[in-house]
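Enquirer: I'd like to ask you about the structure that follows.
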Amino acid sequence: MNKLYFSALALLGSAAPALAQDLQSRMAVGYQLEATTTPITHRACGTMEVLQAQLAADPALAQRMARIEAQTQQLAANPTLQRTTAGTVIIPVVVHVLYNTAAQNISDAQVQSQIAVLNEDYQKLNSDYNKTPGIYAGLVANVGVQFVLARRDPAGLATTGVIHKQTKTSSWSTNDAVKNSKRGGDNAWDATKYLNLWACNLGQGLLGYAQFPGGSASTDGVVILYSAFGSRAKYAAGTYISSYDLGRTATHEVGHWLNLRHIWGDDNGACTGSDLVTDTPNQGAENYGCPAFPHVSCSNSGDMSMNYMDYVDDACMYMFSTGQSSRMNALFAPGGARVGILTSLGGTAPRPALAATTPVSFYPNPASERLTLALPAGASAARYTVQVFDLSGHAMSQARYDGRGQVQVTDLPKGLYYVAIGDGTETVRQRFEKQ
Ligand SMILES: [Zn+2]
């Protein structure tokens with residue numbers, strides 16, 4: 001039995017086994033619990049429960065993850081094959097802030113404080129790493145990845161990398177509704193080019209959950225409780241809960257997104273599980289709070305409880321190991337599961353609009369059924385690409401270019417959109433209204 005179920009069942013007590021079993025099965029398929037204000041009493045991460053549910057729903061996921069694991073292990077055995085990109089991998093980030101109350105609408109400054117923490121923790125720039133006990137001090141790793149808020153959205157338009165969106169949903173669960181605009185959330189940006197972070201009122205007593213590499217693109221990313229997002233030490237005016245107010249929940253969850261397992265191997269203390277990393281000690285179960293070193297389990301020399309992938313408080317986790325760094329970086333090797341990030345333009349500002357120099361436009365505006373391109377004399381409509389995006393940069397599949405100069409927009413919901421018209425060298429973007 002895994003820990004999330006265990007704690008939920010323990011809360012219910014043994015007097016209601018049928019109810020407990022029902023709850024367990026409902027949680028396994030991702031239903032939202034009714035309890036919306038579960039207090040956070042200790043760190044809890046829903047990642048492994050979500051993985052089990054996804055594996056049950058999609059038999060092919062295990063095969064995709066096995067292929068990623070095989071490549072990861074191959075690279076671990078042959079360090080010279082590891083990523084060839086010199087220096088730091090830059091990961092463009094989009095933060096979807098979903099809010100039901102004003103307090104949940106965390107500010108861009110609080111978001112930026114989170115990005116700053118990620119950059120410190122993943123580049124060994126955090127000042128507290130020197131608290132690492134002597135026997136592990138030589139293993140503290142600079143992972144060599146840098147996080148930047150997106151400056152260019154999937155449509156090629158300028159962006160701050162932060163989306164603030166009001167929602168009627170007062171509390172979210174691990175059912176991924178927060179990643180779906182039709183379910184009150186906000187759709188993921190292209191997961192091969194961006195790290196998607198959702199900050200929201202996550203329930204179930206969870207601080208966050210992530211999806212491992214190999215999962216569905218539409219749900220790829222990390223969900224974090226809004227009040228555990230960002231750092232009080234860097235931006236004191238934000239909204240935080242105590243013990244989880246230094247931004248380490250995101251460090252932990254992004255670790256999962258980069259294929260790290262929990263440091264204890266998710267085996268409930270059996271000493272048989274593994275985190276698939278060789279330089280971390282075998283460890284019985286998770287640690288909470290701020291344990292004194294050494295806490296010995298599985299005959300080790302002391303749990304590596306100060307690792308970001310344990311369950312301790314924010315102030316008491318401050319390092320990744322070299323083996324974990326290699327495991328994460330395997331994703332950026334040729335053929336790696338996140339190699340698309342290396343060619344993402346999301347972190348760089350778009351060039352200025354070229355509309356003034358490119359003689360392409362469309363009419364009518366507003367439109368209800370179709371847009372017609374007004375092309376230069378003699379130009380072939382087939383050589384143009386046309387895409388319609390909403391104002392958040394999501395490509396609208398309901399609008400189709402016929403390759404002959406017309407875009408059908410009949411099925412597009414009413415509202416404001418961008419049309420991007422490209423000729424292979426330049427792209428013109430203009431707003432239009434669907435009526
Ligand atoms: Zn976790």
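Following the order of the structure tokens, first chain is A, next is B, and so on, with residues numbered from 1 inside each chain and ligands from 1 in the order they appear.
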Let me have all residues with an atom within 10 Å of ligand 1, counting only C-alpha atoms and all ligand atoms, laid out as a list in words.
Expert: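 Final answer, ordered by chain and number: Arg43, Ala44, Cys45, Gly46, Thr47, Met48, Glu49, Leu207, Gly208, Tyr209, Ala210, Thr249, Ala250, Thr251, His252, Glu253, Val254, Gly255, His256, Trp257, Leu260, Arg261, His262, Ile263, Asp266, Tyr308, Met309, Asp310 and Tyr311 of chain A.
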Enquirer: Restrict the calculation to only C-alpha atoms, then for each residue of stretch 215-311 of chain A with any atom at most 10 Å from an atom of stretch 54-65 of chain A give the closest atom pair and their distance in Å to one decimal, rows by chain and rising residue number, as a tab-separated table.
Expert:
```
residue	atom	partner	partner_atom	distance
A:Gly215	CA	A:Leu61	CA	6.5
A:Ser216	CA	A:Leu61	CA	8.6
A:Asn259	CA	A:Met65	CA	9.6
```
Enquirer: Just all heavy atoms for this one: save the residues we selected as a PDB file, in the first residue's frame.
Expert:
```pdb
ATOM      1  N   GLY A 215       5.388  10.184 -20.399  1.00  0.00           N
ATOM      2  CA  GLY A 215       3.937  10.318 -20.281  1.00  0.00           C
ATOM      3  C   GLY A 215       3.341  11.166 -21.398  1.00  0.00           C
ATOM      4  O   GLY A 215       4.047  11.643 -22.288  1.00  0.00           O
ATOM      5  N   SER A 216       2.038  11.361 -21.302  1.00  0.00           N
ATOM      6  CA  SER A 216       1.316  12.102 -22.328  1.00  0.00           C
ATOM      7  C   SER A 216       1.760  13.565 -22.369  1.00  0.00           C
ATOM      8  O   SER A 216       1.930  14.205 -21.335  1.00  0.00           O
ATOM      9  CB  SER A 216      -0.188  12.026 -22.030  1.00  0.00           C
ATOM     10  OG  SER A 216      -0.880  13.003 -22.771  1.00  0.00           O
ATOM     11  N   ASN A 259      13.089  12.862 -14.288  1.00  0.00           N
ATOM     12  CA  ASN A 259      13.225  11.398 -14.170  1.00  0.00           C
ATOM     13  C   ASN A 259      13.848  10.913 -12.867  1.00  0.00           C
ATOM     14  O   ASN A 259      14.287   9.769 -12.791  1.00  0.00           O
ATOM     15  CB  ASN A 259      14.010  10.817 -15.362  1.00  0.00           C
ATOM     16  CG  ASN A 259      13.526   9.420 -15.725  1.00  0.00           C
ATOM     17  OD1 ASN A 259      12.415   9.024 -15.375  1.00  0.00           O
ATOM     18  ND2 ASN A 259      14.361   8.666 -16.420  1.00  0.00           N
TER      19      ASN A 259
END
```
Enquirer: Excluding A:Thr41 and any residue of its chain fewer than 5 positions from it, enumerate the residues within 12 Å of it, using only C-alpha atoms, and give them as a list of chain:residue names.
Expert: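 Neighbouring residues, sequence-local ones excluded: A:Ser7, A:Gln204, A:Gly205, A:Leu206, A:Leu207, A:Ile241, A:Ser242, A:Ser243, A:Tyr244, A:Tyr288, A:Gly289, A:Tyr311, A:Val312, A:Asp313.
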Enquirer: Got time to write the residues from that selection, C-alpha atoms, as a PDB file, in the first residue's frame?
Expert:
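Result saved to out_32.pdb:
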```
ATOM      1  CA  SER A   7      -2.613   8.180   5.268  1.00  0.00           C
ATOM      2  CA  GLN A 204      -5.615  16.075  -0.905  1.00  0.00           C
ATOM      3  CA  GLY A 205      -2.967  17.399   1.479  1.00  0.00           C
ATOM      4  CA  LEU A 206      -0.448  17.430  -1.365  1.00  0.00           C
ATOM      5  CA  LEU A 207       2.270  19.996  -1.991  1.00  0.00           C
ATOM      6  CA  ILE A 241       2.678  28.242   4.227  1.00  0.00           C
ATOM      7  CA  SER A 242       5.338  27.594   6.835  1.00  0.00           C
ATOM      8  CA  SER A 243       7.973  24.872   6.406  1.00  0.00           C
ATOM      9  CA  TYR A 244       7.411  24.816   2.600  1.00  0.00           C
ATOM     10  CA  TYR A 288      10.020  14.329   7.572  1.00  0.00           C
ATOM     11  CA  GLY A 289      10.717  17.610   9.279  1.00  0.00           C
ATOM     12  CA  TYR A 311      10.335  14.477   2.161  1.00  0.00           C
ATOM     13  CA  VAL A 312      12.006  16.831   4.646  1.00  0.00           C
ATOM     14  CA  ASP A 313      11.126  20.510   5.138  1.00  0.00           C
TER      15      ASP A 313
END
```
Enquirer: Show which residues sit within 8 Å of stretch 146-156 of chain A, as a short mmCIF file (atom, residue, chain, number, x, y, z; two decimals) with C-alpha atoms, in the first residue's frame. Count only C-alpha atoms, and ignore same-chain residues fewer than 2 positions away.
Expert:
```cif
data_model
loop_
_atom_site.label_atom_id
_atom_site.label_comp_id
_atom_site.auth_asym_id
_atom_site.auth_seq_id
_atom_site.Cartn_x
_atom_site.Cartn_y
_atom_site.Cartn_z
CA THR A 88 24.15 24.77 -19.33
CA VAL A 89 20.85 23.47 -20.71
CA ILE A 90 18.32 26.30 -20.78
CA ILE A 91 14.77 25.21 -19.98
CA PRO A 92 12.02 27.67 -20.96
CA VAL A 93 9.26 27.66 -18.35
CA VAL A 94 5.61 28.65 -18.56
CA VAL A 95 3.76 29.09 -15.28
CA ILE A 115 12.58 30.48 -10.84
CA LEU A 118 15.33 26.47 -9.19
CA ASN A 119 18.36 28.13 -10.74
CA TYR A 122 20.08 23.06 -10.03
CA GLN A 123 23.39 24.89 -10.39
CA GLY A 144 23.91 22.31 -15.19
CA ALA A 158 6.13 37.78 -26.95
CA THR A 159 5.13 36.56 -23.48
CA THR A 160 6.05 37.05 -19.82
CA GLY A 161 5.93 33.28 -19.33
CA VAL A 162 3.25 33.66 -16.65
CA TRP A 189 2.17 24.48 -23.90
CA ASP A 190 4.20 22.22 -26.20
CA TYR A 194 8.63 24.12 -22.44
CA LEU A 345 13.09 29.09 -28.96
CA GLY A 346 10.81 29.66 -25.97
CA GLY A 347 13.49 31.35 -23.91
CA THR A 348 14.36 33.97 -26.51
CA ALA A 349 12.30 37.02 -27.40
CA PRO A 350 10.62 36.97 -30.82
CA PHE A 389 -3.84 30.75 -31.99
CA SER A 392 -2.60 32.42 -24.66
CA GLY A 393 -0.72 30.95 -27.60
CA HIS A 394 -2.62 27.68 -27.92
CA ALA A 395 -2.97 26.46 -31.52
CA ALA A 420 0.12 33.55 -38.07
#
```
Enquirer: Find the residues near A:Gly269: any atom within 9 Å, counting only C-alpha atoms, skip ones fewer than 3 places away on the same chain, and give them as a list in words.
Expert: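 My list of contacting residues is Trp264, Gly265, Asp266, Thr272, Gly273, Gln283, Gly284, Ala285, Glu286, Ser297 and Cys298 of chain A.
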Enquirer: DSSP on the backbone: what in stretch 85-182 of chain A comes out strand (DSSP E or B), as a list in words?
Expert: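 Checking each residue of stretch 85-182 of chain A, the strand (DSSP E or B) ones are Val89, Ile90, Ile91, Pro92, Val93, Val94, Val95, His96, Val97, Leu98, Tyr99, Val140, Val145, Gln146, Phe147, Val148, Leu149, Arg152, Ala158, Val162, Ile163, His164, Lys165, Gln166 and Trp172 of chain A.
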Enquirer: Hey, can you spit out that residue selection with N, CA, C and O atoms as an mmCIF file, in the first residue's frame?
Expert:
```
data_model
loop_
_atom_site.group_PDB
_atom_site.id
_atom_site.type_symbol
_atom_site.label_atom_id
_atom_site.label_comp_id
_atom_site.auth_asym_id
_atom_site.auth_seq_id
_atom_site.Cartn_x
_atom_site.Cartn_y
_atom_site.Cartn_z
ATOM 1 N N VAL A 89 22.096 23.641 -19.960
ATOM 2 C CA VAL A 89 20.850 23.471 -20.711
ATOM 3 C C VAL A 89 19.857 24.525 -20.234
ATOM 4 O O VAL A 89 19.635 24.653 -19.024
ATOM 5 N N ILE A 90 19.295 25.270 -21.152
ATOM 6 C CA ILE A 90 18.321 26.301 -20.784
ATOM 7 C C ILE A 90 16.915 25.743 -20.990
ATOM 8 O O ILE A 90 16.587 25.274 -22.088
ATOM 9 N N ILE A 91 16.123 25.764 -19.936
ATOM 10 C CA ILE A 91 14.768 25.207 -19.980
ATOM 11 C C ILE A 91 13.760 26.355 -19.912
ATOM 12 O O ILE A 91 13.599 26.979 -18.856
ATOM 13 N N PRO A 92 13.068 26.648 -21.023
ATOM 14 C CA PRO A 92 12.019 27.673 -20.965
ATOM 15 C C PRO A 92 10.841 27.164 -20.124
ATOM 16 O O PRO A 92 10.440 26.013 -20.241
ATOM 17 N N VAL A 93 10.318 28.036 -19.295
ATOM 18 C CA VAL A 93 9.263 27.664 -18.345
ATOM 19 C C VAL A 93 8.033 28.530 -18.590
ATOM 20 O O VAL A 93 8.149 29.749 -18.762
ATOM 21 N N VAL A 94 6.864 27.895 -18.604
ATOM 22 C CA VAL A 94 5.614 28.650 -18.557
ATOM 23 C C VAL A 94 4.912 28.278 -17.259
ATOM 24 O O VAL A 94 4.838 27.107 -16.899
ATOM 25 N N VAL A 95 4.453 29.300 -16.547
ATOM 26 C CA VAL A 95 3.755 29.086 -15.278
ATOM 27 C C VAL A 95 2.284 29.433 -15.480
ATOM 28 O O VAL A 95 1.954 30.574 -15.846
ATOM 29 N N HIS A 96 1.435 28.451 -15.260
ATOM 30 C CA HIS A 96 -0.015 28.661 -15.352
ATOM 31 C C HIS A 96 -0.535 28.875 -13.923
ATOM 32 O O HIS A 96 -0.566 27.927 -13.140
ATOM 33 N N VAL A 97 -0.891 30.103 -13.602
ATOM 34 C CA VAL A 97 -1.439 30.390 -12.275
ATOM 35 C C VAL A 97 -2.963 30.309 -12.376
ATOM 36 O O VAL A 97 -3.590 31.147 -13.030
ATOM 37 N N LEU A 98 -3.554 29.290 -11.741
ATOM 38 C CA LEU A 98 -5.012 29.127 -11.749
ATOM 39 C C LEU A 98 -5.540 29.585 -10.396
ATOM 40 O O LEU A 98 -5.097 29.073 -9.360
ATOM 41 N N TYR A 99 -6.433 30.557 -10.386
ATOM 42 C CA TYR A 99 -6.882 31.087 -9.087
ATOM 43 C C TYR A 99 -8.392 31.152 -9.021
ATOM 44 O O TYR A 99 -9.073 31.481 -9.995
ATOM 45 N N VAL A 140 27.818 16.436 -3.944
ATOM 46 C CA VAL A 140 26.881 17.512 -4.274
ATOM 47 C C VAL A 140 27.122 17.970 -5.714
ATOM 48 O O VAL A 140 28.248 18.295 -6.092
ATOM 49 N N VAL A 145 21.566 22.863 -15.411
ATOM 50 C CA VAL A 145 20.405 23.330 -16.168
ATOM 51 C C VAL A 145 19.966 24.671 -15.597
ATOM 52 O O VAL A 145 20.100 24.930 -14.405
ATOM 53 N N GLN A 146 19.462 25.502 -16.487
ATOM 54 C CA GLN A 146 19.016 26.845 -16.113
ATOM 55 C C GLN A 146 17.571 27.016 -16.541
ATOM 56 O O GLN A 146 17.183 26.570 -17.627
ATOM 57 N N PHE A 147 16.790 27.671 -15.703
ATOM 58 C CA PHE A 147 15.363 27.863 -15.983
ATOM 59 C C PHE A 147 15.117 29.330 -16.310
ATOM 60 O O PHE A 147 15.574 30.216 -15.580
ATOM 61 N N VAL A 148 14.402 29.571 -17.390
ATOM 62 C CA VAL A 148 14.048 30.949 -17.748
ATOM 63 C C VAL A 148 12.555 31.003 -18.040
ATOM 64 O O VAL A 148 12.004 30.102 -18.693
ATOM 65 N N LEU A 149 11.905 32.040 -17.539
ATOM 66 C CA LEU A 149 10.504 32.228 -17.920
ATOM 67 C C LEU A 149 10.442 32.464 -19.421
ATOM 68 O O LEU A 149 11.275 33.179 -19.992
ATOM 69 N N ARG A 152 8.847 33.731 -25.459
ATOM 70 C CA ARG A 152 8.162 33.527 -26.746
ATOM 71 C C ARG A 152 7.190 32.368 -26.554
ATOM 72 O O ARG A 152 7.582 31.303 -26.077
ATOM 73 N N ALA A 158 5.462 37.426 -28.203
ATOM 74 C CA ALA A 158 6.130 37.777 -26.946
ATOM 75 C C ALA A 158 5.251 37.402 -25.755
ATOM 76 O O ALA A 158 4.026 37.482 -25.818
ATOM 77 N N VAL A 162 4.171 33.886 -17.770
ATOM 78 C CA VAL A 162 3.248 33.662 -16.646
ATOM 79 C C VAL A 162 1.827 33.922 -17.130
ATOM 80 O O VAL A 162 1.547 35.002 -17.665
ATOM 81 N N ILE A 163 0.947 32.942 -16.964
ATOM 82 C CA ILE A 163 -0.461 33.070 -17.331
ATOM 83 C C ILE A 163 -1.270 33.103 -16.041
ATOM 84 O O ILE A 163 -1.144 32.209 -15.207
ATOM 85 N N HIS A 164 -2.062 34.130 -15.881
ATOM 86 C CA HIS A 164 -2.967 34.196 -14.728
ATOM 87 C C HIS A 164 -4.384 33.936 -15.240
ATOM 88 O O HIS A 164 -4.859 34.649 -16.118
ATOM 89 N N LYS A 165 -5.029 32.931 -14.698
ATOM 90 C CA LYS A 165 -6.346 32.564 -15.215
ATOM 91 C C LYS A 165 -7.286 32.259 -14.057
ATOM 92 O O LYS A 165 -6.974 31.413 -13.209
ATOM 93 N N GLN A 166 -8.418 32.954 -14.058
ATOM 94 C CA GLN A 166 -9.408 32.702 -13.011
ATOM 95 C C GLN A 166 -10.165 31.418 -13.322
ATOM 96 O O GLN A 166 -10.381 31.073 -14.489
ATOM 97 N N TRP A 172 -8.111 21.534 -6.450
ATOM 98 C CA TRP A 172 -7.750 20.603 -7.520
ATOM 99 C C TRP A 172 -7.240 19.292 -6.932
ATOM 100 O O TRP A 172 -6.759 19.250 -5.804
#
```
Enquirer: Looking at A:Arg248, A:Lys131, A:Arg400, A:Lys168, which one is nearest to A:Arg183, with distances taken over only C-alpha atoms?
Expert: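 The shortest atom-to-atom distance to A:Arg183 comes from A:Lys168.
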Enquirer: DSSP on the backbone, then: every residue of stretch 103-339 of chain A marked helix (DSSP H, G or I), written as a ChimeraX atom specification.
Expert: /A:103-104,108-122,127-131,134-137,177-179,181-183,217-219,226-228,248-257,314-316,322-332,339
Enquirer: Provide the atom CA of A:Leu125 to atom CA of A:Gly214 distance in Å, to one decimal place.
Expert: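 Atom CA of A:Gly214 lies at a distance of 29.5 Å from atom CA of A:Leu125.
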Enquirer: Considering only C-alpha atoms, state which residue in the set A:Ala137, A:Leu391, A:Val409, A:Met396 is at the smallest distance from A:Arg370.
Expert: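 When distances to A:Arg370 are compared using only C-alpha atoms, the smallest one comes from A:Val409.
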